[in-house]
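Q: Quick one: this structure, given as structure tokens, is what I'll be asking you about.
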Amino acid sequence: MEMNARYTSFVAVGDSFTEGMSDGLPDGSYRGWADLLAARLATLPQPSAGGTPTSLRPPGFRYANLAVRGKLIGQILDEQCGPAASMGADLVTLVGGLNDVLRPRCDVDQVCAHLTTAADLLARGGGRLVLMRSPGRRGPVMERFRPRMEQLFGHLDELAARHDALVVDLYGSRALADPRLWADDRLHLNAEGHRRVAEAVWQTLGLPAESDWDAPLPTAAPPGWAARRSADLRFAREHLVPWIGRRLTGRSSGDDRTGAQFSADRGEAFWITPADGTHPGPVTGWREAGA
């Protein structure tokens with residue numbers, strides 16, 4: 001498949017990482033790397049319609065983000081991949097499995113099997129499939145799960161060869177391991193982290209670089225003992241305790257949620273497109289295609 005192609009449609013599936021947490025917007029919604037990438041792709045020249053009749057001309061750039069926070073790879077497969085595959089997008093991103101391997105008990109072989117089925121299903125849509133090794137923050141907690149993560153991420157090379165897919169390796173990034181690119185919950189990237197991921201995917205697609213996404217942050221003095229303890233207490237109170245509570249009660253942060261471009265009433269995914277193709281702007285201002 002041609003690199004640096006003119007992508008006219010993009011659908012993203014996954015969990016909170018693709019949903020955009022914790023790149024928060026003033027209205028309480030999230031943006032994230034997938035939205036950032038879509039907005040940039042929409043600025044690329046679209047294929048010329050030439051003498052094609054209006055009814056057959058390709059529409060303007062279209063995008064759908066079906067990702068939902070807290071979802072396990074089996075749920076991503078069951079709830080998102082079917083609708084995503086049916087959309088026939090030029091570009092599809094699949095990122096999942098990390099929520100599984102971060103749980104106390106996990107059958108990594110089963111996670112890899114679900115990931116394989118998901119990739120097989122999405123590849124049938126005929127578009128460029130992009131897989132991703134998620135970034136890993138430095139710290140003792142992550143070290144406990146590192147063997148599982150490496151088994152999962154190692155499986156992606158096999159899937160990439162099977163489907164002529166691209167793999168974005170964020171796990172090997174030193175910059176994205178920097179705690180300063182992570183939100184207070186220590187599980188999700190902040191706005192700058194998501195911007196770098198969008199740039200990494202952009203470059204993996206063969207598009208011209210805007211910046212060095214893996215450039216290290218400027219050296220800064222580490223926070224003092226009091227500041228670290230205060231941050232630890234805030235993290236425990238606002239994030240860790242609620243997370244443990246959900247695990248003990250079998251709940252998920254994604255319960256009763258659907259992806260941003262999935263209509264629960266209609267039971268189907270839908271595209272959004274820029275109101276002004278010349279100046280796409282943030283995807284939060286885009287309209288439903290055909291509406």
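Just so we're on the same page: first chain in the structure tokens is A, next is B, and so on; residues restart at 1 for each chain, and ligands are numbered from 1 in the order they show up.
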Based on the backbone DSSP call, show me all residues of region 24-206 of chain A assigned alpha helix (DSSP H), as a ChimeraX atom specification.

A: /A:32-41,73-76,82-86,98-101,108-123,140-163,191-204

Q: Can you list, as a list in words, every protein, DNA or RNA residue that comes within 7 Å of Ala118 (chain A) when you count only C-alpha atoms, leaving out same-chain residues fewer than 4 positions away?

A: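 Those residues are Leu77, Cys81, His114 and Leu122 of chain A.
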
Q: Would you work out the distance separating CA of Asp214 (chain A) from CA of Gly28 (chain A), expressed in Å to one decimal?

A: 28.2 Å

Q: Which neighbours of Ala119 (chain A) fall inside 10 Å, counting only C-alpha atoms, when residues of the same chain fewer than 3 positions from it are skipped, and could you give them as a PyMOL selection string?

A: chain A and resi 77+81+85+92-95+113-116+122-124+129-131+156+159-160+162-163+165

Q: Just N, CA, C and O atoms for this one: save the residues we selected as a PDB file, in the first residue's frame.

A:
ATOM      1  N   LEU A  77     -12.988  -5.339  20.625  1.00  0.00           N
ATOM      2  CA  LEU A  77     -13.302  -6.229  19.510  1.00  0.00           C
ATOM      3  C   LEU A  77     -14.811  -6.336  19.316  1.00  0.00           C
ATOM      4  O   LEU A  77     -15.320  -6.190  18.192  1.00  0.00           O
ATOM      5  N   CYS A  81     -14.917  -2.808  16.711  1.00  0.00           N
ATOM      6  CA  CYS A  81     -14.250  -3.211  15.464  1.00  0.00           C
ATOM      7  C   CYS A  81     -15.224  -3.501  14.330  1.00  0.00           C
ATOM      8  O   CYS A  81     -14.924  -3.197  13.168  1.00  0.00           O
ATOM      9  N   ALA A  85     -14.941  -1.472  10.940  1.00  0.00           N
ATOM     10  CA  ALA A  85     -14.632  -2.169   9.694  1.00  0.00           C
ATOM     11  C   ALA A  85     -15.662  -1.857   8.616  1.00  0.00           C
ATOM     12  O   ALA A  85     -15.322  -1.756   7.429  1.00  0.00           O
ATOM     13  N   VAL A  92      -7.139   3.289   9.575  1.00  0.00           N
ATOM     14  CA  VAL A  92      -7.734   2.758  10.805  1.00  0.00           C
ATOM     15  C   VAL A  92      -6.628   2.573  11.829  1.00  0.00           C
ATOM     16  O   VAL A  92      -5.587   1.971  11.530  1.00  0.00           O
ATOM     17  N   THR A  93      -6.829   3.070  13.039  1.00  0.00           N
ATOM     18  CA  THR A  93      -5.867   2.848  14.115  1.00  0.00           C
ATOM     19  C   THR A  93      -6.499   1.946  15.174  1.00  0.00           C
ATOM     20  O   THR A  93      -7.658   2.111  15.536  1.00  0.00           O
ATOM     21  N   LEU A  94      -5.699   0.985  15.633  1.00  0.00           N
ATOM     22  CA  LEU A  94      -6.130   0.044  16.667  1.00  0.00           C
ATOM     23  C   LEU A  94      -5.100   0.052  17.784  1.00  0.00           C
ATOM     24  O   LEU A  94      -3.939  -0.295  17.570  1.00  0.00           O
ATOM     25  N   VAL A  95      -5.526   0.475  18.970  1.00  0.00           N
ATOM     26  CA  VAL A  95      -4.658   0.465  20.144  1.00  0.00           C
ATOM     27  C   VAL A  95      -5.471  -0.121  21.295  1.00  0.00           C
ATOM     28  O   VAL A  95      -6.501   0.433  21.674  1.00  0.00           O
ATOM     29  N   ALA A 113      -4.651 -13.025  21.319  1.00  0.00           N
ATOM     30  CA  ALA A 113      -5.607 -13.652  20.410  1.00  0.00           C
ATOM     31  C   ALA A 113      -6.736 -12.690  20.049  1.00  0.00           C
ATOM     32  O   ALA A 113      -7.152 -12.604  18.884  1.00  0.00           O
ATOM     33  N   HIS A 114      -7.250 -11.964  21.041  1.00  0.00           N
ATOM     34  CA  HIS A 114      -8.289 -10.964  20.773  1.00  0.00           C
ATOM     35  C   HIS A 114      -7.747  -9.868  19.856  1.00  0.00           C
ATOM     36  O   HIS A 114      -8.446  -9.398  18.945  1.00  0.00           O
ATOM     37  N   LEU A 115      -6.524  -9.450  20.104  1.00  0.00           N
ATOM     38  CA  LEU A 115      -5.918  -8.406  19.282  1.00  0.00           C
ATOM     39  C   LEU A 115      -5.774  -8.875  17.831  1.00  0.00           C
ATOM     40  O   LEU A 115      -6.004  -8.109  16.892  1.00  0.00           O
ATOM     41  N   THR A 116      -5.407 -10.139  17.668  1.00  0.00           N
ATOM     42  CA  THR A 116      -5.291 -10.708  16.321  1.00  0.00           C
ATOM     43  C   THR A 116      -6.635 -10.686  15.606  1.00  0.00           C
ATOM     44  O   THR A 116      -6.732 -10.277  14.439  1.00  0.00           O
ATOM     45  N   LEU A 122     -10.534  -5.547  11.196  1.00  0.00           N
ATOM     46  CA  LEU A 122     -10.341  -4.186  10.700  1.00  0.00           C
ATOM     47  C   LEU A 122      -9.646  -4.179   9.343  1.00  0.00           C
ATOM     48  O   LEU A 122      -9.921  -3.321   8.497  1.00  0.00           O
ATOM     49  N   ALA A 123      -8.742  -5.123   9.131  1.00  0.00           N
ATOM     50  CA  ALA A 123      -8.010  -5.172   7.863  1.00  0.00           C
ATOM     51  C   ALA A 123      -8.923  -5.472   6.685  1.00  0.00           C
ATOM     52  O   ALA A 123      -8.605  -5.121   5.538  1.00  0.00           O
ATOM     53  N   ARG A 124     -10.057  -6.106   6.945  1.00  0.00           N
ATOM     54  CA  ARG A 124     -10.982  -6.424   5.849  1.00  0.00           C
ATOM     55  C   ARG A 124     -11.570  -5.162   5.222  1.00  0.00           C
ATOM     56  O   ARG A 124     -12.085  -5.219   4.102  1.00  0.00           O
ATOM     57  N   LEU A 129      -3.928   0.012   8.038  1.00  0.00           N
ATOM     58  CA  LEU A 129      -4.069  -0.297   9.457  1.00  0.00           C
ATOM     59  C   LEU A 129      -2.820   0.152  10.193  1.00  0.00           C
ATOM     60  O   LEU A 129      -1.701  -0.155   9.779  1.00  0.00           O
ATOM     61  N   VAL A 130      -3.021   0.872  11.286  1.00  0.00           N
ATOM     62  CA  VAL A 130      -1.919   1.351  12.119  1.00  0.00           C
ATOM     63  C   VAL A 130      -2.083   0.779  13.518  1.00  0.00           C
ATOM     64  O   VAL A 130      -3.137   0.929  14.144  1.00  0.00           O
ATOM     65  N   LEU A 131      -1.046   0.099  13.990  1.00  0.00           N
ATOM     66  CA  LEU A 131      -0.994  -0.452  15.337  1.00  0.00           C
ATOM     67  C   LEU A 131      -0.007   0.364  16.159  1.00  0.00           C
ATOM     68  O   LEU A 131       0.780   1.126  15.610  1.00  0.00           O
ATOM     69  N   LEU A 156       2.751  -7.400  18.043  1.00  0.00           N
ATOM     70  CA  LEU A 156       2.321  -6.464  17.013  1.00  0.00           C
ATOM     71  C   LEU A 156       3.112  -6.626  15.715  1.00  0.00           C
ATOM     72  O   LEU A 156       2.574  -6.386  14.626  1.00  0.00           O
ATOM     73  N   LEU A 159       1.433  -9.175  13.599  1.00  0.00           N
ATOM     74  CA  LEU A 159       0.210  -8.642  12.999  1.00  0.00           C
ATOM     75  C   LEU A 159       0.527  -7.659  11.878  1.00  0.00           C
ATOM     76  O   LEU A 159      -0.168  -7.626  10.854  1.00  0.00           O
ATOM     77  N   ALA A 160       1.568  -6.860  12.067  1.00  0.00           N
ATOM     78  CA  ALA A 160       1.940  -5.897  11.031  1.00  0.00           C
ATOM     79  C   ALA A 160       2.354  -6.611   9.752  1.00  0.00           C
ATOM     80  O   ALA A 160       1.963  -6.215   8.641  1.00  0.00           O
ATOM     81  N   ARG A 162       1.437  -9.524   8.825  1.00  0.00           N
ATOM     82  CA  ARG A 162       0.268 -10.238   8.306  1.00  0.00           C
ATOM     83  C   ARG A 162      -0.637  -9.326   7.481  1.00  0.00           C
ATOM     84  O   ARG A 162      -1.243  -9.768   6.497  1.00  0.00           O
ATOM     85  N   HIS A 163      -0.708  -8.052   7.871  1.00  0.00           N
ATOM     86  CA  HIS A 163      -1.659  -7.142   7.236  1.00  0.00           C
ATOM     87  C   HIS A 163      -1.000  -5.947   6.550  1.00  0.00           C
ATOM     88  O   HIS A 163      -1.697  -5.003   6.182  1.00  0.00           O
ATOM     89  N   ALA A 165       0.622  -3.727   7.904  1.00  0.00           N
ATOM     90  CA  ALA A 165       0.250  -2.616   8.776  1.00  0.00           C
ATOM     91  C   ALA A 165       1.486  -1.860   9.241  1.00  0.00           C
ATOM     92  O   ALA A 165       2.615  -2.355   9.166  1.00  0.00           O
TER      93      ALA A 165
END

Q: Need to verify the contact set: region 261-274 of chain A, 7 Å, only C-alpha atoms, exclusion of same-chain residues closer than 6 positions in sequence. Can you return it as a PyMOL selection string?

A: chain A and resi 60-66+83+280+286-289

Q: Quick check, in Å to one decimal: how far apart do CA of Arg180 (chain A) and CA of Glu19 (chain A) lie?

A: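 CA of Arg180 (chain A) sits 20.3 Å away from CA of Glu19 (chain A).
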
Q: Leaving out Leu189 (chain A) and any residue of its chain fewer than 5 positions from it, which residues lie within 8 Å of it when counting only C-alpha atoms, given as a PyMOL selection string?

A: chain A and resi 17+21-23+181-183+194

Q: Give me a file of those residues, with C-alpha atoms, as an mmCIF file, in the first residue's frame.

A:
data_model
loop_
_atom_site.group_PDB
_atom_site.id
_atom_site.type_symbol
_atom_site.label_atom_id
_atom_site.label_comp_id
_atom_site.auth_asym_id
_atom_site.auth_seq_id
_atom_site.Cartn_x
_atom_site.Cartn_y
_atom_site.Cartn_z
ATOM 1 C CA PHE A 17 -5.539 6.468 25.225
ATOM 2 C CA MET A 21 -7.666 11.276 28.233
ATOM 3 C CA SER A 22 -6.273 13.438 29.759
ATOM 4 C CA ASP A 23 -5.971 16.122 27.090
ATOM 5 C CA LEU A 181 4.293 14.410 29.780
ATOM 6 C CA TRP A 182 1.762 12.562 31.925
ATOM 7 C CA ALA A 183 -1.374 13.793 33.652
ATOM 8 C CA HIS A 194 -0.837 13.648 22.995
#

Q: Using CA of Val68 (chain A) and CA of Thr18 (chain A) as the two end points, give the distance in Å to one decimal.

A: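 It comes out at 7.9 Å.
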
Q: Please determine, counting only C-alpha atoms, which residue among A:Ser211, A:Pro216, A:Gln75, A:Asp157 has the shortest atom-to-atom distance to Leu176 (chain A).

A: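 Ranked by minimum distance to Leu176 (chain A), first place goes to A:Pro216.
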
Q: Any idea what's packed within 9 Å of Thr284 (chain A), counting only C-alpha atoms, ignoring anything in its chain fewer than 3 positions away? Could you give it as a list of chain:residue names?

A: A:Ser29, A:Arg31, A:Asp35, A:Gly281, A:Arg287

Q: Given the choices A:Met132, A:Leu152, A:Ile76, A:Met142, which gets closest to Cys106 (chain A) if the distance is worked out from only C-alpha atoms?

A: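 Smallest distance to Cys106 (chain A) is found for A:Leu152.
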
Q: Can you check which parts of region 19-111 of chain A lie within 12 Å of region 203-206 of chain A? Per residue, the shortest pair of atoms and distance in Å to one decimal, counting only C-alpha atoms, sorted by chain and number, as JSON lines.

A:
{"residue": "A:Leu37", "atom": "CA", "partner": "A:Gln203", "partner_atom": "CA", "distance": 10.6}
{"residue": "A:Arg40", "atom": "CA", "partner": "A:Gln203", "partner_atom": "CA", "distance": 11.8}
{"residue": "A:Leu41", "atom": "CA", "partner": "A:Leu205", "partner_atom": "CA", "distance": 10.5}
{"residue": "A:Asp90", "atom": "CA", "partner": "A:Leu205", "partner_atom": "CA", "distance": 11.9}
{"residue": "A:Leu91", "atom": "CA", "partner": "A:Leu205", "partner_atom": "CA", "distance": 9.7}
{"residue": "A:Val92", "atom": "CA", "partner": "A:Leu205", "partner_atom": "CA", "distance": 11.6}
{"residue": "A:Thr93", "atom": "CA", "partner": "A:Leu205", "partner_atom": "CA", "distance": 11.5}

Q: If we count only C-alpha atoms, what is near His279 (chain A) at a cut-off of 10 Å, once residues fewer than 2 positions away on the same chain are taken out, given as a list in words?

A: Ala39, Ala42, Thr43, Pro274, Ala275, Asp276, Gly277, Gly281 and Pro282 of chain A

Q: Take the residues from that selection and put them in a file with N, CA, C and O atoms, as a short mmCIF file (atom, residue, chain, number, x, y, z; two decimals), in the first residue's frame.

A:
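The resulting file, result30.cif, is reproduced below:
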data_model
loop_
_atom_site.label_atom_id
_atom_site.label_comp_id
_atom_site.auth_asym_id
_atom_site.auth_seq_id
_atom_site.Cartn_x
_atom_site.Cartn_y
_atom_site.Cartn_z
N ALA A 39 -7.49 16.36 12.55
CA ALA A 39 -7.52 17.76 12.14
C ALA A 39 -6.39 18.08 11.17
O ALA A 39 -6.55 18.87 10.23
N ALA A 42 -7.08 16.45 7.71
CA ALA A 42 -8.12 17.16 6.98
C ALA A 42 -7.57 18.34 6.18
O ALA A 42 -8.23 18.83 5.26
N THR A 43 -6.36 18.79 6.53
CA THR A 43 -5.77 19.92 5.80
C THR A 43 -5.04 19.48 4.54
O THR A 43 -4.65 20.33 3.73
N PRO A 274 -15.30 18.41 8.59
CA PRO A 274 -15.18 19.85 8.84
C PRO A 274 -16.29 20.63 8.14
O PRO A 274 -16.65 20.32 6.99
N ALA A 275 -16.82 21.62 8.82
CA ALA A 275 -17.80 22.49 8.19
C ALA A 275 -17.14 23.31 7.09
O ALA A 275 -17.76 23.62 6.06
N ASP A 276 -15.87 23.65 7.28
CA ASP A 276 -15.09 24.39 6.30
C ASP A 276 -13.85 23.57 5.99
O ASP A 276 -12.93 23.49 6.80
N GLY A 277 -13.83 22.95 4.82
CA GLY A 277 -12.71 22.09 4.46
C GLY A 277 -11.40 22.83 4.32
O GLY A 277 -10.32 22.25 4.46
N GLY A 281 -10.20 23.37 11.61
CA GLY A 281 -10.34 23.67 13.02
C GLY A 281 -10.43 22.41 13.86
O GLY A 281 -10.37 21.29 13.35
N PRO A 282 -10.61 22.54 15.19
CA PRO A 282 -10.71 21.38 16.08
C PRO A 282 -11.92 20.51 15.73
O PRO A 282 -12.96 21.02 15.32
#

Q: I need the residue nearest Glu192 (chain A) from this list: A:Ala84, A:Cys112, A:Leu36, A:Ala67. Use only C-alpha atoms for the distance.

A: A:Leu36
